[in-house]
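J.: Quick one, protein-v4.cif (mmCIF, C-alpha atoms and all ligand atoms):
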```
data_my_file
loop_
_atom_site.label_atom_id
_atom_site.label_comp_id
_atom_site.auth_asym_id
_atom_site.auth_seq_id
_atom_site.Cartn_x
_atom_site.Cartn_y
_atom_site.Cartn_z
CA MET A 62 134.03 89.75 79.17
CA ALA A 63 131.91 92.28 80.95
CA ASP A 64 128.19 92.24 80.22
CA VAL A 65 127.43 95.86 79.19
CA ARG A 66 123.98 97.12 78.21
CA ALA A 67 122.55 100.59 77.66
CA TYR A 68 118.97 101.76 78.12
CA ARG A 69 117.65 104.91 76.46
CA ALA A 70 114.56 106.42 78.13
CA ALA A 71 113.57 109.23 80.45
CA LEU A 72 115.31 108.79 83.83
CA VAL A 73 114.65 110.10 87.32
CA HIS A 74 116.38 109.34 90.62
CA CYS A 75 117.32 111.01 93.91
CA LEU A 76 120.78 111.77 95.21
CA ASP A 77 119.48 113.07 98.52
CA ASP A 78 116.30 113.89 100.43
CA PRO A 79 114.61 116.77 98.54
CA ALA A 80 113.55 118.12 101.95
CA LYS A 81 117.25 118.75 102.59
CA GLY A 82 118.92 118.90 99.20
CA GLY A 83 116.17 120.89 97.44
CA GLU A 84 115.58 120.53 93.70
CA GLU A 85 119.18 119.42 93.14
CA ALA A 86 118.51 116.27 95.10
CA VAL A 87 116.43 114.98 92.18
CA VAL A 88 118.08 114.18 88.86
CA TRP A 89 115.80 114.23 85.80
CA HIS A 90 116.84 113.39 82.25
CA PRO A 91 113.88 113.58 79.82
CA ASP A 92 116.06 111.76 77.26
CA GLY A 93 118.52 109.75 79.31
CA LEU A 94 120.94 106.87 79.18
CA LEU A 95 121.44 104.24 81.85
CA LEU A 96 124.57 102.16 81.37
CA VAL A 97 124.66 98.82 83.17
CA GLU A 98 127.77 96.68 83.55
CA ASP A 99 127.66 93.26 85.19
CA GLY A 100 124.47 94.08 87.06
CA HIS A 101 125.64 97.44 88.37
CA VAL A 102 125.06 101.02 87.24
CA ALA A 103 128.11 102.13 85.26
CA ASP A 104 126.79 105.55 84.24
CA CYS A 105 123.63 107.62 84.04
CA GLY A 106 123.01 110.91 82.27
CA ASP A 107 121.72 112.72 79.18
CA TRP A 108 121.56 110.62 76.03
CA THR A 109 123.13 113.36 73.90
CA ALA A 110 126.04 113.83 76.32
CA LEU A 111 126.82 110.15 76.97
CA SER A 112 125.88 108.25 73.83
CA PRO A 113 128.94 109.37 71.80
CA TYR A 114 131.11 107.47 74.30
CA LEU A 115 129.25 104.16 74.02
CA ALA A 116 131.36 101.36 72.58
CA ALA A 117 130.14 100.42 69.14
CA ASP A 118 129.15 96.92 70.25
CA THR A 119 127.16 97.99 73.33
CA PRO A 120 123.55 96.89 72.86
CA VAL A 121 121.12 99.78 73.35
CA GLU A 122 117.53 99.13 74.38
CA HIS A 123 115.38 102.10 73.42
CA LEU A 124 112.30 102.49 75.61
CA PRO A 125 110.49 105.51 74.17
CA GLY A 126 107.76 106.92 76.41
CA ARG A 127 109.05 105.09 79.49
CA ILE A 128 110.52 106.63 82.65
CA LEU A 129 113.24 104.61 84.36
CA THR A 130 113.47 104.93 88.13
CA PRO A 131 115.36 102.96 90.77
CA GLY A 132 113.34 99.95 91.96
CA PHE A 133 110.97 100.68 94.81
CA VAL A 134 111.90 99.77 98.37
CA ASP A 135 109.21 98.35 100.65
CA THR A 136 110.49 98.65 104.22
CA HIS A 137 107.67 96.63 105.79
CA ILE A 138 105.52 93.80 104.46
CA HIS A 139 104.21 90.39 105.64
CA PHE A 140 104.76 87.43 103.33
CA PRO A 141 102.19 85.06 104.97
CA GLN A 142 99.47 87.67 104.61
CA ILE A 143 99.42 87.67 100.79
CA ASP A 144 96.24 85.63 100.63
CA MET A 145 94.26 87.52 103.28
CA ILE A 146 94.84 91.09 102.06
CA GLY A 147 91.55 92.98 102.08
CA SER A 148 89.93 90.95 104.88
CA PHE A 149 87.23 92.86 106.72
CA SER A 150 87.49 93.01 110.50
CA GLY A 151 87.81 95.53 113.31
CA GLN A 152 90.98 97.33 114.35
CA LEU A 153 94.44 95.80 114.79
CA LEU A 154 94.01 93.35 117.66
CA ASP A 155 90.67 91.98 116.40
CA TRP A 156 91.96 91.82 112.83
CA LEU A 157 94.99 89.82 114.03
CA ASP A 158 92.83 87.31 115.94
CA GLU A 159 90.05 86.95 113.41
CA LYS A 160 91.80 87.13 110.06
CA THR A 161 95.59 87.19 110.28
CA PHE A 162 96.54 84.39 112.63
CA PRO A 163 94.32 81.78 110.89
CA ALA A 164 95.99 82.62 107.55
CA GLU A 165 99.50 82.42 109.01
CA ARG A 166 98.92 78.94 110.48
CA ALA A 167 98.94 77.51 106.95
CA PHE A 168 102.62 78.47 106.57
CA ALA A 169 103.74 75.58 108.75
CA ASP A 170 103.39 73.60 105.51
CA ARG A 171 106.47 74.03 103.30
CA ALA A 172 104.61 73.27 100.06
CA HIS A 173 102.04 75.98 100.84
CA ALA A 174 104.87 78.40 101.71
CA ASP A 175 106.72 77.59 98.45
CA THR A 176 103.70 78.37 96.29
CA ALA A 177 102.95 81.54 98.24
CA ALA A 178 106.61 82.67 98.09
CA ARG A 179 106.65 82.57 94.30
CA ALA A 180 103.36 84.47 94.10
CA PHE A 181 104.60 87.00 96.68
CA LEU A 182 107.82 87.78 94.81
CA ASP A 183 105.94 87.94 91.49
CA GLU A 184 103.59 90.47 93.03
CA LEU A 185 106.46 92.59 94.37
CA LEU A 186 108.07 92.65 90.92
CA ARG A 187 104.77 93.39 89.14
CA ASN A 188 104.58 96.47 91.36
CA GLY A 189 108.17 97.54 90.73
CA THR A 190 109.41 96.63 94.20
CA THR A 191 112.96 95.31 93.98
CA THR A 192 113.89 95.32 97.67
CA ALA A 193 111.66 94.47 100.62
CA MET A 194 111.99 93.93 104.34
CA VAL A 195 109.68 91.05 105.07
CA PHE A 196 108.02 89.32 108.02
CA GLY A 197 107.77 85.55 107.70
CA SER A 198 105.39 83.51 109.82
CA VAL A 199 106.54 81.94 113.10
CA HIS A 200 107.58 78.84 111.14
CA ARG A 201 111.19 78.48 110.04
CA ALA A 202 109.93 76.76 106.85
CA SER A 203 108.15 79.91 105.70
CA VAL A 204 111.42 81.86 105.68
CA ASN A 205 113.33 79.00 104.02
CA ALA A 206 110.71 79.05 101.25
CA LEU A 207 110.92 82.82 100.81
CA PHE A 208 114.73 82.98 100.79
CA GLU A 209 115.01 80.08 98.36
CA ALA A 210 112.63 81.81 95.92
CA ALA A 211 114.37 85.20 96.31
CA LEU A 212 117.83 83.68 95.81
CA ALA A 213 116.66 82.04 92.59
CA ARG A 214 115.71 85.50 91.31
CA ASP A 215 118.85 87.23 92.64
CA MET A 216 116.56 89.61 94.52
CA ARG A 217 117.67 91.83 97.38
CA LEU A 218 115.46 90.80 100.27
CA ILE A 219 115.67 91.05 104.04
CA ALA A 220 113.43 88.72 106.04
CA GLY A 221 113.03 87.00 109.36
CA LYS A 222 110.78 84.52 111.09
CA SER A 223 108.29 86.07 113.50
CA LEU A 224 109.24 85.56 117.12
CA MET A 225 106.02 85.09 119.09
CA ASP A 226 106.26 82.93 122.21
CA GLY A 227 103.09 84.67 123.40
CA GLY A 228 101.21 83.90 120.18
CA PRO A 229 97.98 81.90 119.81
CA ASP A 230 97.75 78.12 119.38
CA GLY A 231 99.62 76.87 116.34
CA LEU A 232 101.63 80.09 116.11
CA ARG A 233 103.78 79.89 119.21
CA ASP A 234 107.50 79.35 119.53
CA THR A 235 109.58 79.57 122.70
CA ALA A 236 112.39 81.93 123.56
CA ALA A 237 114.85 79.06 123.01
CA SER A 238 113.33 77.61 119.82
CA GLY A 239 112.94 81.09 118.32
CA GLN A 240 116.59 81.83 118.95
CA ASP A 241 117.63 78.47 117.50
CA ASP A 242 115.54 79.16 114.39
CA ASP A 243 117.14 82.59 114.02
CA GLU A 244 120.65 81.15 114.32
CA ALA A 245 119.91 78.43 111.76
CA LEU A 246 118.34 80.88 109.31
CA ILE A 247 121.23 83.33 109.69
CA ALA A 248 123.74 80.52 109.08
CA ASP A 249 121.82 79.21 106.07
CA TRP A 250 120.84 82.44 104.31
CA SER A 251 122.29 85.72 105.59
CA ARG A 252 124.58 87.35 102.97
CA ARG A 253 123.93 84.60 100.41
CA GLY A 254 123.32 86.35 97.10
CA ARG A 255 121.57 89.54 98.07
CA LEU A 256 119.73 88.15 101.08
CA GLY A 257 119.77 89.60 104.56
CA TYR A 258 118.33 88.43 107.86
CA ALA A 259 116.22 90.42 110.32
CA VAL A 260 115.55 89.34 113.88
CA THR A 261 111.77 89.77 114.00
CA PRO A 262 110.02 89.97 117.36
CA ARG A 263 106.45 90.46 116.12
CA PHE A 264 105.53 93.15 118.67
CA ALA A 265 105.75 93.72 122.39
CA LEU A 266 102.44 91.91 122.99
CA SER A 267 103.59 88.73 121.25
CA SER A 268 106.93 88.17 122.99
CA SER A 269 107.94 87.51 126.57
CA PRO A 270 110.81 89.46 128.18
CA GLU A 271 112.90 86.28 127.77
CA GLN A 272 112.25 86.22 124.05
CA LEU A 273 112.99 89.94 123.64
CA ALA A 274 116.24 89.44 125.55
CA ALA A 275 117.18 86.52 123.27
CA ALA A 276 116.37 88.66 120.20
CA GLY A 277 118.67 91.41 121.51
CA GLU A 278 121.41 88.84 122.08
CA THR A 279 121.09 87.50 118.52
CA LEU A 280 121.18 91.04 117.11
CA ARG A 281 124.33 91.85 119.10
CA ARG A 282 126.01 88.63 118.03
CA HIS A 283 125.61 89.31 114.28
CA ASP A 284 126.56 92.77 113.09
CA HIS A 285 125.20 92.10 109.58
CA VAL A 286 121.70 91.31 110.83
CA TRP A 287 118.77 93.75 111.02
CA MET A 288 115.87 93.98 113.49
CA GLN A 289 112.25 94.63 112.50
CA THR A 290 109.14 94.95 114.63
CA HIS A 291 105.94 96.96 115.13
CA LEU A 292 105.73 100.02 117.36
CA ALA A 293 102.90 102.22 118.62
CA GLU A 294 100.38 101.34 115.93
CA THR A 295 97.09 101.76 117.82
CA PRO A 296 96.05 103.34 121.13
CA ARG A 297 94.62 100.03 122.46
CA GLU A 298 97.88 98.23 121.74
CA VAL A 299 99.93 101.02 123.36
CA ALA A 300 97.75 100.82 126.50
CA GLN A 301 98.14 97.02 126.69
CA VAL A 302 101.91 97.31 126.31
CA ALA A 303 102.02 99.85 129.14
CA ARG A 304 100.15 97.35 131.37
CA ALA A 305 102.37 94.41 130.34
CA PHE A 306 105.65 96.32 130.83
CA PRO A 307 104.99 98.77 133.71
CA GLU A 308 108.69 99.37 134.25
CA ALA A 309 109.23 100.70 130.68
CA ARG A 310 109.11 104.47 130.14
CA ASP A 311 107.10 104.04 126.95
CA TYR A 312 106.57 101.47 124.16
CA LEU A 313 109.96 102.09 122.50
CA ASP A 314 111.64 101.62 125.87
CA VAL A 315 110.32 98.03 126.03
CA TYR A 316 112.50 97.26 123.01
CA ASP A 317 115.34 99.50 124.16
CA ARG A 318 115.76 97.61 127.42
CA PHE A 319 116.60 94.51 125.41
CA GLY A 320 119.09 96.16 123.04
CA LEU A 321 116.69 96.26 120.09
CA VAL A 322 116.92 99.99 119.30
CA THR A 323 119.90 100.32 116.97
CA ASP A 324 120.86 101.75 113.58
CA ARG A 325 119.89 98.37 112.10
CA SER A 326 116.38 98.54 113.58
CA ILE A 327 113.22 99.32 111.58
CA PHE A 328 110.02 100.05 113.44
CA ALA A 329 106.73 99.86 111.55
CA HIS A 330 103.97 102.45 112.12
CA CYS A 331 105.10 104.71 115.03
CA VAL A 332 101.76 106.51 114.93
CA HIS A 333 101.36 107.14 118.67
CA MET A 334 104.80 108.24 119.79
CA SER A 335 106.16 110.38 122.61
CA ASP A 336 108.75 113.05 121.84
CA ARG A 337 111.14 111.11 124.01
CA SER A 338 110.79 108.03 121.79
CA LEU A 339 111.32 109.97 118.58
CA HIS A 340 114.37 111.66 120.06
CA ARG A 341 115.76 108.32 121.19
CA MET A 342 115.17 106.75 117.76
CA ALA A 343 116.99 109.62 116.04
CA ARG A 344 119.93 109.27 118.42
CA ALA A 345 120.11 105.52 117.87
CA GLY A 346 119.79 105.89 114.08
CA ALA A 347 116.72 103.64 114.08
CA ALA A 348 114.25 103.99 111.21
CA ILE A 349 110.48 104.19 110.81
CA ALA A 350 108.49 102.27 108.19
CA HIS A 351 105.56 104.57 107.43
CA CYS A 352 102.60 102.40 106.38
CA PRO A 353 99.77 104.74 105.38
CA THR A 354 97.42 102.31 103.63
CA SER A 355 97.54 99.97 106.62
CA ASN A 356 97.02 102.76 109.12
CA LEU A 357 93.95 103.90 107.20
CA PHE A 358 92.61 100.36 106.68
CA LEU A 359 92.81 99.46 110.39
CA GLY A 360 91.91 102.96 111.59
CA SER A 361 95.20 103.06 113.47
CA GLY A 362 95.81 106.79 113.11
CA LEU A 363 97.64 109.37 111.01
CA PHE A 364 101.43 109.14 111.10
CA ASP A 365 103.05 112.54 111.70
CA LEU A 366 105.91 112.67 109.19
CA ALA A 367 106.67 116.32 109.90
CA ARG A 368 107.19 115.46 113.58
CA ALA A 369 109.50 112.54 112.74
CA ASP A 370 111.41 114.91 110.41
CA ALA A 371 111.69 117.52 113.15
CA HIS A 372 113.34 114.90 115.37
CA GLY A 373 115.61 113.77 112.53
CA VAL A 374 114.34 110.17 112.36
CA VAL A 375 114.97 108.28 109.09
CA VAL A 376 111.69 107.27 107.40
CA GLY A 377 110.88 104.85 104.58
CA LEU A 378 107.56 103.61 103.18
CA GLY A 379 106.02 100.24 103.94
CA THR A 380 103.00 98.61 102.32
CA ASP A 381 102.34 96.42 105.39
CA VAL A 382 100.34 93.95 103.31
CA GLY A 383 97.95 92.35 104.43
CA ALA A 384 96.75 95.22 106.67
CA GLY A 385 98.08 97.39 103.87
CA THR A 386 95.73 97.44 100.93
CA SER A 387 98.20 97.48 98.03
CA PHE A 388 101.57 96.04 97.03
CA SER A 389 102.18 99.23 95.05
CA LEU A 390 104.64 101.78 96.40
CA LEU A 391 103.05 104.27 93.98
CA THR A 392 99.70 103.83 95.72
CA THR A 393 101.38 103.79 99.13
CA ALA A 394 103.14 107.06 98.25
CA ALA A 395 99.81 108.62 97.23
CA ARG A 396 98.28 107.63 100.57
CA ALA A 397 101.32 109.10 102.38
CA CYS A 398 100.47 112.37 100.60
CA ASP A 399 96.82 112.09 101.69
CA VAL A 400 97.81 111.50 105.32
CA ALA A 401 100.20 114.47 105.22
CA GLN A 402 97.33 116.62 103.90
CA MET A 403 95.17 115.47 106.82
CA LYS A 404 97.97 116.59 109.13
CA GLY A 405 98.01 120.00 107.43
CA ARG A 406 101.58 119.48 106.19
CA PRO A 407 101.44 118.67 102.45
CA LEU A 408 104.12 116.28 101.25
CA ASP A 409 105.97 117.30 98.09
CA PRO A 410 105.68 114.60 95.38
CA LEU A 411 109.45 114.61 94.82
CA ARG A 412 109.95 113.89 98.51
CA THR A 413 107.39 111.10 98.33
CA PHE A 414 109.22 109.59 95.36
CA TYR A 415 112.42 109.83 97.43
CA LEU A 416 110.73 107.96 100.30
CA ALA A 417 109.77 105.14 97.92
CA THR A 418 113.32 104.78 96.57
CA LEU A 419 116.44 106.27 98.19
CA GLY A 420 114.65 107.02 101.48
CA GLY A 421 113.73 103.36 101.84
CA ALA A 422 117.28 102.36 100.99
CA ARG A 423 118.55 104.71 103.71
CA ALA A 424 116.07 103.34 106.25
CA LEU A 425 117.53 99.89 105.55
CA ARG A 426 121.12 101.21 105.57
CA LEU A 427 121.52 100.08 101.97
CA GLU A 428 122.09 103.46 100.33
CA ASP A 429 125.47 102.36 98.95
CA ARG A 430 123.84 99.38 97.19
CA ILE A 431 120.36 100.43 96.00
CA GLY A 432 117.85 103.28 95.75
CA SER A 433 119.48 105.49 93.10
CA PHE A 434 121.35 105.46 89.80
CA ARG A 435 124.67 106.46 91.33
CA THR A 436 127.64 104.77 89.67
CA GLY A 437 128.36 101.41 91.31
CA VAL A 438 124.95 100.65 92.81
CA GLU A 439 123.05 97.52 91.87
CA ALA A 440 121.03 97.93 88.67
CA ASP A 441 117.57 97.32 90.14
CA PHE A 442 115.20 99.55 88.20
CA VAL A 443 111.71 99.91 86.79
CA ALA A 444 110.23 101.33 83.61
CA LEU A 445 107.14 103.41 84.41
CA ASP A 446 104.51 104.01 81.75
CA PRO A 447 102.93 107.47 82.06
CA ALA A 448 100.25 106.40 79.57
CA ALA A 449 99.44 103.15 81.39
CA THR A 450 95.70 103.81 81.53
CA PRO A 451 93.47 105.96 79.34
CA LEU A 452 93.04 108.43 82.20
CA LEU A 453 96.80 108.66 82.89
CA ALA A 454 97.42 109.17 79.17
CA ARG A 455 94.94 112.07 79.10
CA ARG A 456 96.21 113.56 82.36
CA LEU A 457 99.86 113.48 81.35
CA ALA A 458 99.58 114.31 77.64
CA GLY A 459 102.10 117.07 76.99
CA VAL A 460 103.19 117.32 80.66
CA THR A 461 106.98 117.64 81.01
CA ASP A 462 107.38 118.63 84.66
CA ILE A 463 108.69 115.60 86.55
CA ARG A 464 107.05 116.60 89.83
CA GLU A 465 103.66 116.66 88.10
CA ILE A 466 104.33 113.41 86.23
CA LEU A 467 105.37 111.52 89.36
CA PHE A 468 102.44 112.84 91.39
CA ALA A 469 99.90 111.78 88.76
CA LEU A 470 101.59 108.36 88.55
CA MET A 471 101.24 107.97 92.32
CA VAL A 472 97.63 109.13 92.46
CA LEU A 473 96.38 107.35 89.32
CA GLY A 474 98.94 104.58 88.87
CA ASP A 475 99.70 101.23 90.48
CA ASP A 476 101.00 97.93 89.06
CA ARG A 477 99.48 98.92 85.71
CA ALA A 478 102.02 101.74 85.47
CA VAL A 479 104.99 99.37 85.87
CA ALA A 480 105.91 98.24 82.35
CA GLY A 481 109.04 96.37 83.40
CA THR A 482 111.21 95.55 86.41
CA TRP A 483 114.93 94.68 86.28
CA LEU A 484 116.94 92.96 89.00
CA ALA A 485 120.72 93.41 88.86
CA GLY A 486 120.41 94.43 85.21
CA LYS A 487 118.21 91.49 84.17
CA LEU A 488 114.57 91.82 83.16
CA ALA A 489 112.58 90.12 85.93
CA HIS A 490 109.07 91.26 85.02
CA SER A 491 107.52 92.53 81.85
CA ARG A 492 103.91 93.76 81.82
CA ASP A 493 103.34 93.46 78.07
N1 LIG B 501 101.25 94.05 114.96
C1 LIG B 501 101.58 92.78 115.25
N2 LIG B 501 101.43 91.97 114.18
C2 LIG B 501 100.99 92.75 113.18
C3 LIG B 501 100.65 92.50 111.82
O1 LIG B 501 100.71 91.38 111.32
N3 LIG B 501 100.23 93.57 111.10
C4 LIG B 501 100.16 94.82 111.62
N4 LIG B 501 99.75 95.84 110.85
N5 LIG B 501 100.46 95.09 112.90
C5 LIG B 501 100.88 94.06 113.67
ZN ZN B 502 103.19 94.94 109.86
#
```
Output the file's structure in the form of structure tokens.
T.:
Amino acid sequence: MADVRAYRAALVHCLDDPAKGGEEAVVWHPDGLLLVEDGHVADCGDWTALSPYLAADTPVEHLPGRILTPGFVDTHIHFPQIDMIGSFSGQLLDWLDEKTFPAERAFADRAHADTAARAFLDELLRNGTTTAMVFGSVHRASVNALFEAALARDMRLIAGKSLMDGGPDGLRDTAASGQDDDEALIADWSRRGRLGYAVTPRFALSSSPEQLAAAGETLRRHDHVWMQTHLAETPREVAQVARAFPEARDYLDVYDRFGLVTDRSIFAHCVHMSDRSLHRMARAGAAIAHCPTSNLFLGSGLFDLARADAHGVVVGLGTDVGAGTSFSLLTTAARACDVAQMKGRPLDPLRTFYLATLGGARALRLEDRIGSFRTGVEADFVALDPAATPLLARRLAGVTDIREILFALMVLGDDRAVAGTWLAGKLAHSRD
């Protein structure tokens, strides 16, 4: 017997990018019905239109005052950095040496990784994030711990172990051992439940040409595997990459020469990019993880979304914890709006909401599975509370315009605004 449940609440989701599809790209039902069958969306629409067709024995959960949205998609985050978020240092390369690498060394220990994995997934769910693309540490054990915990929750998660044969002591693999680890992790986890694997060369400064070549080979060998890395985050890093790879035309070209620029590739940051690189990414169908809180925290620069749009590059949002300062995609979306303001190109709140949901799904090539309430997608969703704090309650009292509601939730909300999170139709986090 099919497991059928109905949820009555306000509903909002995107069918397309509002920058392209206009207002019609966003579907808003102030009194809506979400019908879930065996963990998938069976229908979504107005309560008055759909409720007469509900079978008499379908349980209906009424969530008055809540707004259901598709679960948030975090296209870039670091699992072994959960316990060093908010660590004061200088810019990227100093922060890595002083604060990040010491914290990641601890993930050689499986017991430590197990405890951190449970806390990490709890934190994602508390913030309404139902899908994430995640960096593990260099240790295979860290990714085993994360996948095991995600499988137990039936969570959609893409992750990979960091490849870093040029890393510091205690955080170094070799081109051969990194490739062996990748193969073992792919064999053990990829496509189990809702798990996916990403080949994860940390960045051009952490991997030798041999390791980048091996990463490209692994990516070519497995057409269901993704690739994630960092690209053009800070000027100092870009200059060092140019010195280390003098034959490359630019930073992206370092990866391109090893077959790492594909439509399954997600590049975090992309703050300091040439037009050539953006054009090449668009042609390859590669995506950008825009990480505004991280770029502000490390002083990396202001990502130019309008320029990426002009080139037609797919963009999602990434928290980039622990350089990112919040697990919340609401907060991350608000900072994306701030950065766009600094660039003189204001970002419409509906578009920002799209980036946190369907846009992220598109960046990960998972649009047919997650990111909306289209019939057939996986029922990963959140219940937002527009009265989560006294200030939000005052700000949104009597407001019915969804653009205004979502914007206030981004600016004033965070994990406190997430009343509940469902994975494949099952409640996985409840705030109250
Ligand atoms: N570049 C290489 N490693 C990292 C990392 O851990 N965080 C960020 N923000 N950038 C990186
Ligand atoms: Zn990162």
J.: Which of these residues is nearest to A:Leu416, using only C-alpha atoms: A:Gly459, A:Gly126, A:Gly377, A:Gly239?
T.: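 Among A:Gly459, A:Gly126, A:Gly377, A:Gly239, it is A:Gly377 that comes nearest to A:Leu416.
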J.: Could you give me, as JSON, numbers by chain, every polymer residue with an atom at most 12 Å away from an atom of ligand ZN 502 (chain B), counting only C-alpha atoms and all ligand atoms?
T.: {"A": [135, 136, 137, 138, 139, 140, 141, 142, 153, 157, 161, 194, 195, 196, 197, 198, 223, 261, 262, 263, 264, 289, 290, 291, 292, 293, 294, 327, 328, 329, 330, 331, 349, 350, 351, 352, 353, 354, 355, 356, 359, 361, 378, 379, 380, 381, 382, 383, 384, 385, 386]}
J.: Measure the distance from atom CA of A:Gln240 to atom CA of A:Ala174 in Å and round it to one decimal.
T.: 21.1 Å
J.: Enumerate, as a list in words, the protein, DNA and RNA residues whose atoms approach (113.4, 105.4, 80.1) to within 7 Å, taking into account all atoms listed in the file and the coordinate frame of the file.
T.: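 Within the cut-off we find Tyr68, Arg69, Ala70, Ala71, Leu72, Gly93, Leu124, Pro125, Gly126, Arg127, Ile128, Leu129 and Ala444 of chain A.
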J.: Restricting the calculation to all atoms listed in the file: of A:Val199, A:Leu280, A:Ala367, A:Ala210, which residue gets closest to ligand LIG 501 (chain B)?
T.: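 So, comparing all the options, the nearest one is A:Val199.
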J.: Fewer than 4 positions away in the same chain doesn't count, so skip those; otherwise give me all residues within 9 Å of stretch 298-303 of chain A, counting all atoms listed in the file, as a PyMOL selection string.
T.: chain A and resi 153-154+265-266+292-294+307-312+315+333
J.: From the list A:Gly257, A:Gly420, A:Pro91, A:Pro163, which residue is nearest ligand LIG 501 (chain B) when using all atoms listed in the file?
T.: A:Pro163
J.: May I ask for the distance between atom CA of A:Ala348 and atom CA of A:Gly82, given in Å to one decimal place?
T.: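 About the pair atom CA of A:Ala348 and atom CA of A:Gly82: they are 19.7 Å apart.
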J.: Quick check, in Å to one decimal: how far apart do atom CA of A:Trp287 and atom CA of A:Arg325 lie?
T.: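 Those two atoms sit 4.9 Å apart.
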J.: Between A:Phe358, A:Arg171, A:Ala67, A:Leu256, which residue has the minimum interatomic distance to A:Phe149, considering only C-alpha atoms?
T.: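 Result for the nearest residue to A:Phe149: A:Phe358.
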J.: Of the candidates A:Phe468, A:Trp250, A:Tyr258, A:Phe181, which shows the shortest atom-to-atom distance to A:Ile219, using all atoms listed in the file?
T.: A:Tyr258
J.: Tell me which of A:Glu165, A:Asp242, A:Asp144, A:Asp446 sits closest to ligand LIG 501 (chain B), counting all atoms listed in the file.
T.: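 Selected residue with least distance to ligand LIG 501 (chain B): A:Glu165.
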J.: Do a neighbour search on A:Asp317 at 10 Å with all atoms listed in the file, toss out local chain neighbours closer than 3 positions, and write the hits as a count of residues only.
T.: 16
J.: Can you tell me, as a PDB file with C-alpha atoms, in the coordinates of the input, what residues are no more than 10 Å from A:Arg233 when counting all atoms listed in the file, ignoring any on the same chain fewer than 3 positions away?
T.:
```
ATOM      1  CA  VAL A 199     106.540  81.940 113.100  1.00  0.00           C
ATOM      2  CA  HIS A 200     107.580  78.840 111.140  1.00  0.00           C
ATOM      3  CA  SER A 223     108.290  86.070 113.500  1.00  0.00           C
ATOM      4  CA  LEU A 224     109.240  85.560 117.120  1.00  0.00           C
ATOM      5  CA  MET A 225     106.020  85.090 119.090  1.00  0.00           C
ATOM      6  CA  ASP A 226     106.260  82.930 122.210  1.00  0.00           C
ATOM      7  CA  GLY A 227     103.090  84.670 123.400  1.00  0.00           C
ATOM      8  CA  GLY A 228     101.210  83.900 120.180  1.00  0.00           C
ATOM      9  CA  PRO A 229      97.980  81.900 119.810  1.00  0.00           C
ATOM     10  CA  ASP A 230      97.750  78.120 119.380  1.00  0.00           C
ATOM     11  CA  ALA A 236     112.390  81.930 123.560  1.00  0.00           C
ATOM     12  CA  SER A 238     113.330  77.610 119.820  1.00  0.00           C
ATOM     13  CA  GLY A 239     112.940  81.090 118.320  1.00  0.00           C
ATOM     14  CA  SER A 267     103.590  88.730 121.250  1.00  0.00           C
ATOM     15  CA  SER A 268     106.930  88.170 122.990  1.00  0.00           C
TER      16      SER A 268
END
```
J.: Can you pull out every residue within 9 Å of A:Phe319, counting all atoms listed in the file, but drop anything in the same chain fewer than 6 positions away, and send it as an MDAnalysis selection string?
T.: chainID A and resid 270 273:278
J.: Compile the contact shell of A:Asp409 as a PDB file with C-alpha atoms, keeping the file's coordinate frame: residues with an atom at most 9 Å away, counting only C-alpha atoms, same-chain residues fewer than 4 positions apart removed.
T.:
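Result went into selection-v1.pdb, see below:
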```pdb
ATOM      1  CA  PRO A  79     114.610 116.770  98.540  1.00  0.00           C
ATOM      2  CA  ALA A  80     113.550 118.120 101.950  1.00  0.00           C
ATOM      3  CA  CYS A 398     100.470 112.370 100.600  1.00  0.00           C
ATOM      4  CA  THR A 413     107.390 111.100  98.330  1.00  0.00           C
ATOM      5  CA  PHE A 414     109.220 109.590  95.360  1.00  0.00           C
ATOM      6  CA  ARG A 464     107.050 116.600  89.830  1.00  0.00           C
ATOM      7  CA  PHE A 468     102.440 112.840  91.390  1.00  0.00           C
TER       8      PHE A 468
END
```
J.: Fix up stretch 204-210 of chain A with N, CA and C atoms, then write it as a short mmCIF file (atom, residue, chain, number, x, y, z; two decimals), keeping the file's coordinate frame.
T.:
```cif
data_model
loop_
_atom_site.label_atom_id
_atom_site.label_comp_id
_atom_site.auth_asym_id
_atom_site.auth_seq_id
_atom_site.Cartn_x
_atom_site.Cartn_y
_atom_site.Cartn_z
N VAL A 204 110.29 80.99 106.06
CA VAL A 204 111.42 81.86 105.68
C VAL A 204 112.37 81.10 104.75
N ASN A 205 112.54 79.79 104.97
CA ASN A 205 113.33 79.00 104.02
C ASN A 205 112.72 79.10 102.63
N ALA A 206 111.40 78.99 102.55
CA ALA A 206 110.71 79.05 101.25
C ALA A 206 110.93 80.41 100.59
N LEU A 207 110.79 81.47 101.37
CA LEU A 207 110.92 82.82 100.81
C LEU A 207 112.35 83.08 100.34
N PHE A 208 113.33 82.73 101.16
CA PHE A 208 114.73 82.98 100.79
C PHE A 208 115.12 82.16 99.56
N GLU A 209 114.67 80.92 99.51
CA GLU A 209 115.01 80.08 98.36
C GLU A 209 114.48 80.71 97.06
N ALA A 210 113.24 81.20 97.11
CA ALA A 210 112.63 81.81 95.92
C ALA A 210 113.32 83.13 95.56
#
```
